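Structure data follow from start-v9.cif (mmCIF, C-alpha atoms):
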data_run
#
loop_
_atom_site.label_atom_id
_atom_site.label_comp_id
_atom_site.auth_asym_id
_atom_site.auth_seq_id
_atom_site.Cartn_x
_atom_site.Cartn_y
_atom_site.Cartn_z
CA MET T 181 8.13 11.77 29.13
CA LYS T 182 8.43 10.40 25.59
CA HIS T 183 7.11 6.91 24.94
CA TYR T 184 9.40 4.44 23.21
CA LYS T 185 8.05 3.29 19.85
CA PHE T 186 8.01 0.01 17.95
CA GLY T 187 6.52 -0.77 14.56
CA TYR T 188 6.67 -2.43 11.17
CA THR T 189 7.31 -0.38 8.02
CA ALA T 190 6.89 -1.87 4.54
CA ILE T 191 9.08 -0.65 1.67
CA ILE T 192 7.28 -0.93 -1.67
CA GLY T 193 7.70 0.42 -5.18
CA ARG T 194 8.49 -0.39 -8.80
CA PRO T 195 11.57 -2.44 -9.70
CA ASN T 196 14.86 -0.53 -9.67
CA VAL T 197 13.74 2.48 -7.62
CA GLY T 198 16.34 1.62 -4.96
CA LYS T 199 14.32 -0.16 -2.27
CA SER T 200 17.01 -2.60 -1.15
CA THR T 201 19.71 0.09 -1.27
CA ILE T 202 17.50 2.31 0.90
CA LEU T 203 16.95 -0.52 3.38
CA ASN T 204 20.68 -1.24 3.64
CA ARG T 205 21.45 2.43 4.24
CA LEU T 206 18.70 2.79 6.83
CA ILE T 207 20.08 -0.19 8.76
CA GLY T 208 23.70 0.81 8.24
CA GLN T 209 24.66 -2.65 7.04
CA LYS T 210 23.86 -4.93 4.12
CA VAL T 211 20.77 -7.02 4.85
CA ALA T 212 19.26 -7.10 1.35
CA ILE T 213 20.94 -7.87 -1.94
CA ALA T 214 20.95 -4.95 -4.35
CA THR T 215 21.71 -4.93 -8.07
CA ASN T 216 20.48 -2.96 -11.08
CA LYS T 217 18.48 -5.98 -12.30
CA ALA T 218 14.70 -6.15 -11.96
CA GLN T 219 13.35 -8.78 -9.55
CA THR T 220 16.54 -8.75 -7.47
CA THR T 221 14.36 -8.93 -4.34
CA ARG T 222 11.94 -11.85 -4.53
CA ARG T 223 11.03 -12.43 -0.90
CA ARG T 224 10.25 -10.17 2.00
CA ILE T 225 13.34 -9.36 4.02
CA ASN T 226 13.22 -7.77 7.46
CA GLY T 227 15.83 -5.23 8.48
CA ILE T 228 15.87 -3.90 12.04
CA LEU T 229 16.89 -0.39 13.08
CA THR T 230 17.16 0.39 16.79
CA THR T 231 17.54 3.99 17.97
CA ASP T 232 17.14 5.76 21.31
CA GLU T 233 13.55 6.58 20.34
CA ALA T 234 12.29 3.53 18.50
CA GLN T 235 12.85 0.08 17.06
CA ILE T 236 11.74 -0.08 13.42
CA VAL T 237 11.34 -3.34 11.52
CA PHE T 238 11.62 -2.55 7.82
CA VAL T 239 10.01 -5.06 5.46
CA ASP T 240 11.69 -4.98 2.04
CA THR T 241 9.42 -6.28 -0.71
CA PRO T 242 9.87 -7.38 -4.33
CA GLY T 243 9.67 -4.68 -6.99
CA ILE T 244 6.05 -4.55 -8.10
CA HIS T 245 4.89 -4.57 -11.71
CA LYS T 246 2.06 -6.11 -13.70
CA PRO T 247 2.90 -9.84 -13.68
CA VAL T 248 3.56 -11.72 -16.91
CA ASP T 249 4.12 -15.20 -15.45
CA ARG T 250 3.45 -17.24 -12.31
CA LEU T 251 6.63 -15.95 -10.67
CA GLY T 252 5.47 -12.38 -11.25
CA GLU T 253 2.13 -13.19 -9.63
CA CYS T 254 3.93 -14.64 -6.60
CA LEU T 255 6.05 -11.49 -6.23
CA VAL T 256 2.97 -9.25 -6.32
CA ASP T 257 1.27 -11.50 -3.74
CA GLU T 258 4.39 -11.29 -1.58
CA ALA T 259 4.30 -7.48 -1.67
CA LYS T 260 0.54 -7.34 -1.01
CA SER T 261 0.78 -9.60 2.03
CA ALA T 262 3.62 -7.49 3.40
CA ILE T 263 1.40 -4.44 3.85
CA ASP T 264 -1.43 -6.29 5.61
CA ASP T 265 -0.03 -5.99 9.11
CA VAL T 266 2.38 -3.05 8.99
CA ASP T 267 2.05 0.27 10.78
CA LEU T 268 3.40 2.32 7.90
CA VAL T 269 4.15 2.02 4.16
CA LEU T 270 7.03 3.77 2.43
CA PHE T 271 6.08 4.15 -1.23
CA ILE T 272 9.47 4.52 -2.93
CA VAL T 273 9.42 6.41 -6.22
CA ASP T 274 12.01 7.70 -8.68
CA GLY T 275 12.18 11.41 -7.87
CA SER T 276 14.10 12.15 -11.05
CA THR T 277 11.19 11.29 -13.36
CA SER T 278 7.43 11.79 -13.34
CA ALA T 279 5.02 9.05 -12.21
CA GLY T 280 4.38 6.44 -14.88
CA ARG T 281 2.06 3.54 -15.58
CA GLY T 282 3.99 1.26 -13.22
CA ASP T 283 3.48 3.60 -10.26
CA ARG T 284 -0.21 4.00 -11.11
CA TRP T 285 -0.58 0.21 -11.36
CA ILE T 286 0.79 -0.20 -7.83
CA VAL T 287 -1.55 2.43 -6.40
CA GLU T 288 -4.60 0.99 -8.18
CA ASN T 289 -3.87 -2.72 -7.62
CA VAL T 290 -1.78 -3.02 -4.45
CA LEU T 291 -2.53 0.05 -2.36
CA LYS T 292 -6.19 0.59 -3.27
CA ASP T 293 -7.48 -1.14 -0.10
CA TYR T 294 -4.71 0.10 2.20
CA LYS T 295 -6.15 2.35 4.91
CA GLY T 296 -3.04 2.91 7.03
CA GLN T 297 -0.29 5.51 7.11
CA LEU T 298 1.95 6.13 4.11
CA ILE T 299 4.94 8.30 3.21
CA ILE T 300 5.92 8.98 -0.40
CA VAL T 301 9.72 8.70 -0.55
CA ALA T 302 11.24 10.32 -3.64
CA ASN T 303 14.65 8.71 -4.22
CA LYS T 304 17.22 10.11 -6.70
CA TYR T 305 15.71 13.60 -6.36
CA ASP T 306 19.23 15.09 -6.35
CA LEU T 307 19.59 14.17 -10.03
CA ILE T 308 17.26 17.10 -10.80
CA LYS T 309 18.95 20.43 -10.05
CA ASP T 310 15.92 22.64 -10.79
CA VAL T 311 13.97 22.97 -7.50
CA GLN T 312 10.67 23.79 -9.23
CA LYS T 313 11.05 20.77 -11.51
CA ARG T 314 11.59 18.56 -8.45
CA GLU T 315 8.31 19.73 -6.95
CA GLU T 316 6.47 19.25 -10.24
CA ILE T 317 7.74 15.66 -10.43
CA LEU T 318 6.76 14.97 -6.82
CA LEU T 319 3.25 16.31 -7.47
CA THR T 320 2.72 13.66 -10.17
CA TYR T 321 3.11 11.01 -7.46
CA LYS T 322 1.01 12.81 -4.86
CA THR T 323 -1.92 13.10 -7.28
CA LEU T 324 -2.02 9.30 -7.67
CA PHE T 325 -3.68 9.23 -4.24
CA ASN T 326 -6.98 10.61 -3.00
CA GLU T 327 -5.36 11.36 0.37
CA ASN T 328 -2.74 14.03 0.99
CA TYR T 329 0.15 11.82 2.12
CA PRO T 330 3.40 13.41 3.34
CA SER T 331 6.58 13.07 1.29
CA VAL T 332 10.34 13.02 1.88
CA LYS T 333 12.99 13.54 -0.79
CA ILE T 334 16.14 11.43 -0.34
CA SER T 335 19.24 10.14 -2.10
CA ALA T 336 20.02 6.48 -1.40
CA LYS T 337 23.37 6.96 -3.13
CA THR T 338 24.61 9.75 -0.84
CA GLY T 339 22.43 9.21 2.24
CA ARG T 340 21.04 12.72 2.01
CA ASN T 341 17.92 13.40 4.13
CA PHE T 342 17.89 9.91 5.66
CA ASP T 343 17.82 11.49 9.13
CA THR T 344 14.67 13.37 8.08
CA LEU T 345 13.13 10.16 6.75
CA ILE T 346 13.80 8.29 10.00
CA LYS T 347 12.29 11.14 12.07
CA ASN T 348 9.16 11.04 9.91
CA ILE T 349 8.89 7.26 10.30
CA VAL T 350 9.31 7.35 14.08
CA ARG T 351 6.65 10.06 14.35
CA LYS T 352 4.09 7.72 12.79
CA LEU T 353 4.85 4.56 14.76
CA PRO T 354 2.81 3.44 17.79
CA ALA T 355 4.19 3.27 21.31
CA GLY T 356 5.76 -0.10 22.09
CA GLU T 357 8.66 -2.01 23.60
CA LYS T 358 11.66 -3.48 21.79
CA VAL T 359 11.18 -6.95 20.36
CA TYR T 360 14.75 -7.49 19.16
CA GLU T 361 18.14 -7.02 20.80
CA ASP T 362 19.91 -3.73 20.06
CA ASP T 363 22.58 -5.39 17.87
CA GLU T 364 20.16 -7.43 15.74
CA ILE T 365 19.83 -6.09 12.19
CA THR T 366 17.74 -8.87 10.62
CA ASP T 367 15.73 -11.93 11.60
CA GLU T 368 16.73 -13.80 8.43
CA THR T 369 18.23 -17.29 8.83
CA MET T 370 21.73 -17.99 7.52
CA ARG T 371 20.16 -20.45 5.09
CA ASN T 372 18.11 -17.66 3.48
CA ILE T 373 21.00 -15.20 3.59
CA ALA T 374 23.24 -17.71 1.80
CA ARG T 375 20.65 -18.30 -0.90
CA GLU T 376 20.25 -14.58 -1.55
CA LEU T 377 23.99 -13.90 -1.62
CA ILE T 378 24.54 -16.67 -4.17
CA ARG T 379 21.75 -15.25 -6.33
CA GLU T 380 23.19 -11.75 -6.04
CA LYS T 381 26.55 -12.87 -7.40
CA ILE T 382 24.81 -14.56 -10.34
CA LEU T 383 22.88 -11.36 -11.12
CA LEU T 384 26.04 -9.27 -10.93
CA HIS T 385 27.98 -11.50 -13.33
CA THR T 386 25.35 -12.47 -15.93
CA HIS T 387 23.40 -10.50 -18.50
CA ASP T 388 20.41 -10.58 -20.84
CA GLU T 389 17.86 -13.30 -20.09
CA VAL T 390 19.81 -15.16 -17.40
CA PRO T 391 18.99 -13.09 -14.25
CA HIS T 392 15.20 -13.49 -14.58
CA SER T 393 15.53 -17.24 -15.17
CA VAL T 394 17.69 -18.04 -12.14
CA ALA T 395 16.64 -19.48 -8.81
CA VAL T 396 18.75 -20.84 -5.96
CA ILE T 397 17.76 -23.72 -3.69
CA ILE T 398 19.80 -24.56 -0.59
CA GLU T 399 19.81 -28.35 -0.59
CA ASN T 400 21.76 -28.68 2.63
CA TYR T 401 23.10 -26.30 5.28
CA GLU T 402 25.16 -28.01 7.96
CA GLU T 403 26.39 -25.78 10.77
CA THR T 404 29.35 -26.75 12.96
CA GLU T 405 31.44 -24.72 15.39
CA ASN T 406 34.27 -24.00 12.96
CA ILE T 407 32.78 -24.36 9.47
CA ASP T 408 29.40 -24.28 7.72
CA LYS T 409 28.91 -26.72 4.84
CA ILE T 410 26.44 -25.61 2.19
CA THR T 411 25.17 -27.43 -0.89
CA ALA T 412 23.13 -25.29 -3.27
CA GLN T 413 21.43 -25.82 -6.61
CA ILE T 414 21.34 -23.02 -9.17
CA ILE T 415 18.18 -23.49 -11.26
CA VAL T 416 17.91 -22.17 -14.83
CA GLU T 417 15.41 -22.72 -17.64
CA GLN T 418 17.67 -23.57 -20.60
CA GLU T 419 20.86 -25.48 -21.33
CA THR T 420 22.41 -22.32 -22.84
CA GLN T 421 21.85 -20.52 -19.52
CA LYS T 422 23.50 -23.41 -17.69
CA GLY T 423 26.52 -23.01 -19.97
CA ILE T 424 26.73 -19.27 -19.25
CA ILE T 425 26.65 -19.80 -15.49
CA ILE T 426 29.25 -22.59 -15.57
CA GLY T 427 31.46 -20.63 -17.97
CA LYS T 428 34.51 -21.78 -19.90
CA GLY T 429 36.23 -24.50 -17.90
CA GLY T 430 33.92 -23.73 -14.97
CA SER T 431 35.37 -20.21 -14.60
CA MET T 432 32.08 -18.35 -14.09
CA LEU T 433 30.77 -20.83 -11.52
CA LYS T 434 34.08 -20.59 -9.66
CA THR T 435 33.85 -16.77 -9.58
CA ILE T 436 30.24 -16.86 -8.35
CA GLY T 437 31.09 -19.47 -5.73
CA THR T 438 34.19 -17.68 -4.44
CA GLU T 439 32.50 -14.29 -4.10
CA ALA T 440 29.39 -15.79 -2.47
CA ARG T 441 31.45 -17.91 -0.07
CA MET T 442 33.54 -14.93 1.06
CA GLU T 443 30.46 -12.83 1.79
CA ILE T 444 28.69 -15.71 3.57
CA GLU T 445 31.83 -16.16 5.70
CA ASP T 446 31.77 -12.46 6.62
CA THR T 447 28.13 -12.77 7.70
CA ALA T 448 28.48 -16.10 9.51
CA GLY T 449 31.76 -15.16 11.14
CA LYS T 450 33.44 -18.46 10.27
CA LYS T 451 34.72 -20.59 7.41
CA VAL T 452 32.28 -21.86 4.80
CA PHE T 453 32.46 -24.77 2.37
CA LEU T 454 30.17 -24.03 -0.59
CA ASP T 455 29.25 -26.62 -3.21
CA LEU T 456 27.33 -25.18 -6.18
CA GLN T 457 25.52 -27.30 -8.76
CA VAL T 458 23.60 -26.09 -11.83
CA LYS T 459 20.33 -27.72 -12.93
CA VAL T 460 17.93 -27.03 -15.81
CA ILE T 461 14.18 -27.01 -15.07
CA LYS T 462 12.41 -25.85 -18.21
CA ASP T 463 9.92 -22.97 -17.71
CA TRP T 464 10.10 -23.16 -13.90
CA ARG T 465 8.76 -19.59 -13.58
CA LYS T 466 5.47 -20.61 -15.20
CA LYS T 467 4.88 -23.64 -13.00
CA SER T 468 3.03 -23.54 -9.68
CA LYS T 469 4.55 -26.75 -8.32
CA ASP T 470 7.52 -26.06 -6.02
CA LEU T 471 7.60 -22.40 -7.12
CA GLY T 472 7.46 -21.27 -3.51
CA LYS T 473 10.81 -22.77 -2.57
CA MET T 474 12.45 -21.70 -5.81
CA TYR T 475 11.88 -17.94 -5.86
#

Represent the structure contained in this file as structure tokens.
Amino acid sequence: MKHYKFGYTAIIGRPNVGKSTILNRLIGQKVAIATNKAQTTRRRINGILTTDEAQIVFVDTPGIHKPVDRLGECLVDEAKSAIDDVDLVLFIVDGSTSAGRGDRWIVENVLKDYKGQLIIVANKYDLIKDVQKREEILLTYKTLFNENYPSVKISAKTGRNFDTLIKNIVRKLPAGEKVYEDDEITDETMRNIARELIREKILLHTHDEVPHSVAVIIENYEETENIDKITAQIIVEQETQKGIIIGKGGSMLKTIGTEARMEIEDTAGKKVFLDLQVKVIKDWRKKSKDLGKMY
């Protein structure tokens, strides 16, 4: 008789290798915001997948790179702490290009003391048509480690080989009972989900220096039976960035607010009143005070 399995699996890798997209596809629903901007994910987000064989709690982490400011240091710390208590690490890499300095930095600075199980997951491998070239690229990641870790090649865009990935994950998890209900896909609070959805819409609609300089603080989240009332502050570092986010005649802020509100309503299953305000806090990413609640 097969034992049921339960375990935690951390998803780590460089920025823009597709971690949040992979998590959303594994779960089958959107639980993490995903854009093509670096530092889209700033906090750990848990996504829960329940199958007939196992319940897997995926821990999505910020994209890891050598930090250049206090925010960057916090994101690396967030990723490091995520792997302390997990049963398995998925090291997500870009399977369409050879390992680079960023991948090596993660292995040498984040994974060097990790003694647990690990799977190298090569995303975007389908962009390379030459089979031998694919294997040569994958070998550049395998040789970053002293141990011979297994690997799985996937495509987050098409979903190819995700069934193989899940089978490999389940194989490595310990026996255990379910912790969450079958229909639960995340343990995130609506307050945190709202903050992330607002930030996602800002990232999708702004360019250049704005995305890295933006934080969202939920000042108030009042839940009632028929409507949730949310007041949120959008934090930027410069007056020019504030002007970009507000837009001509408030047009950009209205677009951000409307799109965020509609998606929050879909998640909450009821009407939402969303009040967005924009505030300038100069160089907030370099300051330790209150940084925790801002990123």

Checklist outcome for this item: Using all atoms listed in the file, the best pick from T:Lys381, T:Lys459, T:Lys333, T:His387 as closest to T:Ile414 would be T:Lys459

Checklist entry - Taking only C-alpha atoms into account, which of T:Ser331, T:Ser431, T:Thr438, T:Ser276 comes nearest T:Leu454? => result T:Thr438

Next on the checklist: Counting all atoms listed in the file, I want the residues whose atoms come within 12 Å of (5.8, 1.9, 27.3) in the file frame, returned as a list in words.
Outcome noted: Met181, Lys182, His183, Tyr184, Lys185, Phe186, Glu233, Ala234, Pro354, Ala355, Gly356, Glu357 and Lys358 of chain T

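Proximity of T:Ile286, T:Ala302, T:Tyr321, T:Asp343 to T:Leu206, computed with all atoms listed in the file, is greatest for T:Asp343.
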
Checklist entry - If the PyMOL selection byres ((chain T and resi 411-413) around 8) is run on the structure shown, which residues does it catch, given as number ranges by chain? => result T: 375, 396-401, 409-410, 414-415, 454-459

Okay, now the selection with C-alpha atoms, as a short mmCIF file (atom, residue, chain, number, x, y, z; two decimals), keeping the file's coordinate frame?
data_model
loop_
_atom_site.label_atom_id
_atom_site.label_comp_id
_atom_site.auth_asym_id
_atom_site.auth_seq_id
_atom_site.Cartn_x
_atom_site.Cartn_y
_atom_site.Cartn_z
CA ARG T 375 20.65 -18.30 -0.90
CA VAL T 396 18.75 -20.84 -5.96
CA ILE T 397 17.76 -23.72 -3.69
CA ILE T 398 19.80 -24.56 -0.59
CA GLU T 399 19.81 -28.35 -0.59
CA ASN T 400 21.76 -28.68 2.63
CA TYR T 401 23.10 -26.30 5.28
CA LYS T 409 28.91 -26.72 4.84
CA ILE T 410 26.44 -25.61 2.19
CA ILE T 414 21.34 -23.02 -9.17
CA ILE T 415 18.18 -23.49 -11.26
CA LEU T 454 30.17 -24.03 -0.59
CA ASP T 455 29.25 -26.62 -3.21
CA LEU T 456 27.33 -25.18 -6.18
CA GLN T 457 25.52 -27.30 -8.76
CA VAL T 458 23.60 -26.09 -11.83
CA LYS T 459 20.33 -27.72 -12.93
#

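Atom CA of T:Ala336 is positioned 7.0 Å from atom CA of T:Lys304.
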
Checklist entry - Applied to the shown file, which residues does the PyMOL selection byres ((chain T and resi 301) around 9) return, written as a PyMOL selection string? => result chain T and resi 270-275+299-300+302-303+330-334+345

Checklist entry - When you draw a straight line from atom CA of T:Thr277 to atom CA of T:Lys199, how long is it in Å? => result 16.2 Å

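With only C-alpha atoms as the basis for measurement, T:Ala279 is the residue among T:Ile382, T:Glu364, T:Ala279, T:Gln418 that approaches T:Leu319 most closely.
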